[in-house]
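Novice: The structure follows.
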Amino acid sequence: GILPRQGLISDEGEYLSAAWWLAHGRGFDWHQGYLWTRAPLYPVFLAIHTFLFGDHPGAIFITQIILSLIIIVLVYALAWHVAPPDLHAAPLIAAALTAIHFPFVIYPQMFLSETLYICLVLGGMLALAYRHPQAELPPGDNRLQHAIPPISGVTVAGIMFGLATLTRSQTLLALPLIAGWIAFSRSHDLRRALVFLAVAATIIAPWTVYNSRMYGGLIPVDTSGAFNLLIGAWSAHDGTRRDEPTR
């Protein structure tokens with residue numbers, strides 16, 4: 001609610017601190033002294049900019065503005081694929097609403113993972129929504145196999161959703177649901193579902209191995225969700241939001 005803003009808000013300081021350590025060759029050690037672990041991709045994203053352009057935030061904002069514009073294009077393309085053919089204006093309306101949606105306008109000028117995450121998720125959704133032009137063939141034509149996402153589509157979707165999971169970990173729980181949709185909604189093709197899961201798992205697994213070895217227990221992506229769950233429990237118990245007991 002305060003623009004232009006002064007100082008950092010929310011999780012910006014944590015992301016920037018972890019990125020600074022990464023950019024200066026200290027790996028992910030910053031989180032070893034913190035309250036939780038984080039998904040790695042956004043700190044890496046920030047660290048690359050810090051390494052190449054120094055501590056000035058301008059380069060990060062420029063990249064995130066470009067991603068936010070790509071989000072508009074992805075929404076347009078996704079609406080074009082899923083909207084009924086007689087709703088010709090649907091893609092344009094969807095893109096226009098995305099372009100003026102206030103959080104989407106603000107996020108690119110904040111050091112938060114939302115812009116990168118939304119871009120990756122929409123890219124994965126578009127890969128799954130893609131249909132071969134022959135998808136409109138009459139019922140019973142065996143060429144309707146083209147009406148399902150091709151192997152290349154589920155492969156790209158696996159990459160996108162794998163990277164999205166390494167940006168915000170809650171997507172991990174969506175992966176088996178997406179695989180189930182691929183397998184049973186139209187195609188009844190278990191092979192495509194397994195390809196999707198295998199590709200996503202290949203993207204995520206190295207970080208899971210690193211995290212689990214570093215902290216001595218299975219941590220698929222991060223532990224920040226557990227901390228937020230505890231904050232919610234304390235807030236419900238005390239009637240006010242406070243995180244001191246959890247810390």
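By convention here, the chains of the structure tokens are called A, B, ... in the order presented, each chain's residues are numbered starting at 1, and ligands are numbered starting at 1 in the order presented.
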Determine, counting only C-alpha atoms, which protein, DNA and RNA residues have an atom within 7 Å of an atom of A:Gly124; residues of the same chain fewer than 5 positions away are not included. Present the result as a list in words.
Specialist: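 After dropping sequence-adjacent residues, the list is Val156, Ala157, Met160 and Phe161 of chain A.
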Novice: Would you list, as a PyMOL selection string, the residues of stretch 2-231 of chain A that end up in alpha helix (DSSP H) under DSSP run on this structure's backbone?
Specialist: chain A and resi 12-23+41-53+58-82+90-100+102-106+114-129+151-165+175-181+190-215+224-231
Novice: Mind dumping the selected residues with C-alpha atoms as a CSV table (one decimal), in the first residue's frame?
Specialist:
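As written to disk, result.csv reads:
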```csv
chain,number,residue,atom,x,y,z
A,12,GLU,CA,12.7,-9.9,0.3
A,13,GLY,CA,15.6,-9.6,2.8
A,14,GLU,CA,15.9,-13.3,3.2
A,15,TYR,CA,16.0,-13.9,-0.6
A,16,LEU,CA,18.6,-11.2,-1.1
A,17,SER,CA,20.8,-12.4,1.7
A,18,ALA,CA,20.8,-16.0,0.4
A,19,ALA,CA,21.4,-14.8,-3.2
A,20,TRP,CA,24.4,-12.6,-2.0
A,21,TRP,CA,26.0,-15.6,-0.4
A,22,LEU,CA,25.4,-17.7,-3.5
A,23,ALA,CA,26.9,-15.0,-5.8
A,41,LEU,CA,15.6,-21.4,-7.9
A,42,TYR,CA,14.6,-17.9,-7.0
A,43,PRO,CA,17.8,-17.3,-4.8
A,44,VAL,CA,19.8,-18.6,-7.8
A,45,PHE,CA,17.9,-16.3,-10.1
A,46,LEU,CA,18.8,-13.3,-7.9
A,47,ALA,CA,22.4,-14.6,-7.5
A,48,ILE,CA,23.0,-14.7,-11.2
A,49,HIS,CA,22.0,-11.0,-11.5
A,50,THR,CA,24.1,-10.1,-8.5
A,51,PHE,CA,27.1,-11.9,-9.9
A,52,LEU,CA,26.7,-10.3,-13.3
A,53,PHE,CA,25.5,-6.8,-12.5
A,58,GLY,CA,17.7,-2.5,-11.7
A,59,ALA,CA,18.8,-5.6,-13.7
A,60,ILE,CA,16.6,-7.9,-11.5
A,61,PHE,CA,13.6,-5.6,-12.1
A,62,ILE,CA,14.1,-5.5,-15.8
A,63,THR,CA,14.2,-9.3,-16.1
A,64,GLN,CA,11.1,-9.6,-13.9
A,65,ILE,CA,9.3,-7.0,-16.0
A,66,ILE,CA,10.1,-9.1,-19.1
A,67,LEU,CA,8.8,-12.2,-17.3
A,68,SER,CA,5.6,-10.3,-16.4
A,69,LEU,CA,5.1,-9.4,-20.0
A,70,ILE,CA,5.6,-13.1,-21.0
A,71,ILE,CA,3.0,-14.0,-18.4
A,72,ILE,CA,0.4,-11.9,-20.4
A,73,VAL,CA,1.4,-13.7,-23.6
A,74,LEU,CA,1.1,-17.1,-21.9
A,75,VAL,CA,-2.3,-16.3,-20.5
A,76,TYR,CA,-3.5,-15.2,-24.0
A,77,ALA,CA,-2.1,-18.4,-25.5
A,78,LEU,CA,-3.6,-20.6,-22.8
A,79,ALA,CA,-7.0,-19.0,-23.2
A,80,TRP,CA,-6.8,-19.4,-26.9
A,81,HIS,CA,-6.3,-23.2,-26.4
A,82,VAL,CA,-9.0,-23.8,-23.8
A,90,ALA,CA,-11.8,-14.6,-24.6
A,91,PRO,CA,-8.0,-14.7,-25.1
A,92,LEU,CA,-7.8,-10.9,-25.4
A,93,ILE,CA,-10.0,-10.3,-22.4
A,94,ALA,CA,-7.9,-12.8,-20.3
A,95,ALA,CA,-4.7,-11.1,-21.4
A,96,ALA,CA,-6.1,-7.6,-20.7
A,97,LEU,CA,-7.2,-8.6,-17.2
A,98,THR,CA,-3.8,-10.1,-16.5
A,99,ALA,CA,-2.1,-6.9,-17.7
A,100,ILE,CA,-4.0,-4.7,-15.3
A,102,PHE,CA,-2.6,-5.1,-9.6
A,103,PRO,CA,-0.5,-7.8,-7.9
A,104,PHE,CA,1.0,-8.8,-11.2
A,105,VAL,CA,1.9,-5.2,-11.8
A,106,ILE,CA,3.6,-4.9,-8.4
A,114,GLU,CA,5.9,-14.9,-7.6
A,115,THR,CA,6.7,-13.5,-11.1
A,116,LEU,CA,9.1,-16.3,-11.9
A,117,TYR,CA,6.9,-18.9,-10.4
A,118,ILE,CA,3.7,-17.8,-12.2
A,119,CYS,CA,5.6,-17.7,-15.5
A,120,LEU,CA,6.8,-21.3,-15.1
A,121,VAL,CA,3.4,-22.6,-14.0
A,122,LEU,CA,1.7,-21.0,-17.0
A,123,GLY,CA,4.4,-22.4,-19.3
A,124,GLY,CA,3.7,-25.9,-18.0
A,125,MET,CA,-0.1,-25.4,-18.3
A,126,LEU,CA,0.3,-24.2,-21.9
A,127,ALA,CA,2.4,-27.3,-22.7
A,128,LEU,CA,-0.3,-29.5,-21.4
A,129,ALA,CA,-3.1,-27.6,-23.1
A,151,ILE,CA,5.3,-36.6,-25.6
A,152,SER,CA,7.1,-33.4,-26.3
A,153,GLY,CA,4.3,-31.5,-24.6
A,154,VAL,CA,4.4,-33.5,-21.4
A,155,THR,CA,8.2,-33.4,-21.4
A,156,VAL,CA,8.1,-29.6,-21.6
A,157,ALA,CA,5.4,-29.5,-18.9
A,158,GLY,CA,7.5,-31.8,-16.7
A,159,ILE,CA,10.5,-29.4,-17.0
A,160,MET,CA,8.3,-26.3,-16.3
A,161,PHE,CA,6.6,-27.8,-13.3
A,162,GLY,CA,9.8,-29.2,-12.0
A,163,LEU,CA,11.4,-25.8,-12.1
A,164,ALA,CA,8.2,-24.3,-10.6
A,165,THR,CA,8.5,-26.7,-7.7
A,175,LEU,CA,2.5,-33.2,-9.7
A,176,PRO,CA,0.7,-36.5,-9.0
A,177,LEU,CA,-2.7,-34.8,-9.7
A,178,ILE,CA,-1.4,-33.5,-13.0
A,179,ALA,CA,-0.1,-36.9,-13.9
A,180,GLY,CA,-3.5,-38.4,-13.1
A,181,TRP,CA,-5.2,-35.9,-15.4
A,190,LEU,CA,-0.1,-44.0,-18.6
A,191,ARG,CA,3.1,-43.6,-20.6
A,192,ARG,CA,2.6,-39.9,-20.9
A,193,ALA,CA,1.8,-39.5,-17.3
A,194,LEU,CA,5.0,-41.4,-16.3
A,195,VAL,CA,7.1,-39.3,-18.7
A,196,PHE,CA,5.7,-36.1,-17.0
A,197,LEU,CA,6.5,-37.4,-13.5
A,198,ALA,CA,9.9,-38.8,-14.6
A,199,VAL,CA,11.0,-35.4,-16.1
A,200,ALA,CA,9.7,-33.4,-13.2
A,201,ALA,CA,11.4,-35.8,-10.7
A,202,THR,CA,14.7,-35.5,-12.6
A,203,ILE,CA,14.6,-31.8,-12.2
A,204,ILE,CA,13.8,-31.9,-8.5
A,205,ALA,CA,15.8,-34.9,-7.3
A,206,PRO,CA,19.3,-33.4,-7.2
A,207,TRP,CA,18.1,-30.7,-4.9
A,208,THR,CA,16.3,-33.3,-2.7
A,209,VAL,CA,19.5,-35.3,-2.4
A,210,TYR,CA,21.5,-32.2,-1.6
A,211,ASN,CA,19.0,-31.0,1.0
A,212,SER,CA,18.5,-34.4,2.6
A,213,ARG,CA,22.2,-35.0,3.0
A,214,MET,CA,22.9,-31.5,4.3
A,215,TYR,CA,20.2,-31.7,7.0
A,224,SER,CA,9.3,-23.1,5.1
A,225,GLY,CA,5.8,-24.5,4.9
A,226,ALA,CA,6.3,-26.3,8.3
A,227,PHE,CA,7.2,-23.0,9.9
A,228,ASN,CA,4.1,-21.3,8.5
A,229,LEU,CA,2.0,-24.2,9.7
A,230,LEU,CA,3.3,-23.7,13.2
A,231,ILE,CA,2.6,-19.9,13.0
```
Novice: Please, what distance in Å, to one decimal, runs between atom CA of A:Leu166 and atom CA of A:Arg241?
Specialist: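 One can read the atom CA of A:Leu166 to atom CA of A:Arg241 distance as 28.0 Å.
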Novice: Any idea what's packed within 9 Å of A:Arg38, counting only C-alpha atoms, ignoring anything in its chain fewer than 6 positions away? Could you give it as a PyMOL selection string?
Specialist: chain A and resi 15+31+166-169+221-224
Novice: Kindly export the residues of the current selection with C-alpha atoms, as a short mmCIF file (atom, residue, chain, number, x, y, z; two decimals), in the first residue's frame.
Specialist:
```cif
data_model
loop_
_atom_site.label_atom_id
_atom_site.label_comp_id
_atom_site.auth_asym_id
_atom_site.auth_seq_id
_atom_site.Cartn_x
_atom_site.Cartn_y
_atom_site.Cartn_z
CA TYR A 15 15.98 -13.94 -0.59
CA HIS A 31 19.99 -21.05 5.28
CA LEU A 166 12.09 -25.58 -7.15
CA THR A 167 10.72 -22.03 -7.01
CA ARG A 168 7.78 -22.66 -4.67
CA SER A 169 7.49 -26.09 -3.13
CA VAL A 221 12.27 -29.14 -1.42
CA ASP A 222 12.14 -26.93 1.69
CA THR A 223 10.82 -26.58 5.23
CA SER A 224 9.30 -23.08 5.15
#
```
Novice: Mind giving me the straight-line distance from atom CA of A:Pro40 to atom CA of A:Leu112 in Å, one decimal?
Specialist: 12.6 Å
Novice: What does the distance between atom CA of A:Phe111 and atom CA of A:Gln6 come to in Å, to one decimal place?
Specialist: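 Answer for the atom CA of A:Phe111 to atom CA of A:Gln6 separation: 13.2 Å.
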Novice: I'd like to know which of A:Gln170, A:Pro220, A:Pro245, A:Asp86 is closest to A:Gly232, using only C-alpha atoms.
Specialist: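 Among A:Gln170, A:Pro220, A:Pro245, A:Asp86, it is A:Pro245 that comes nearest to A:Gly232.
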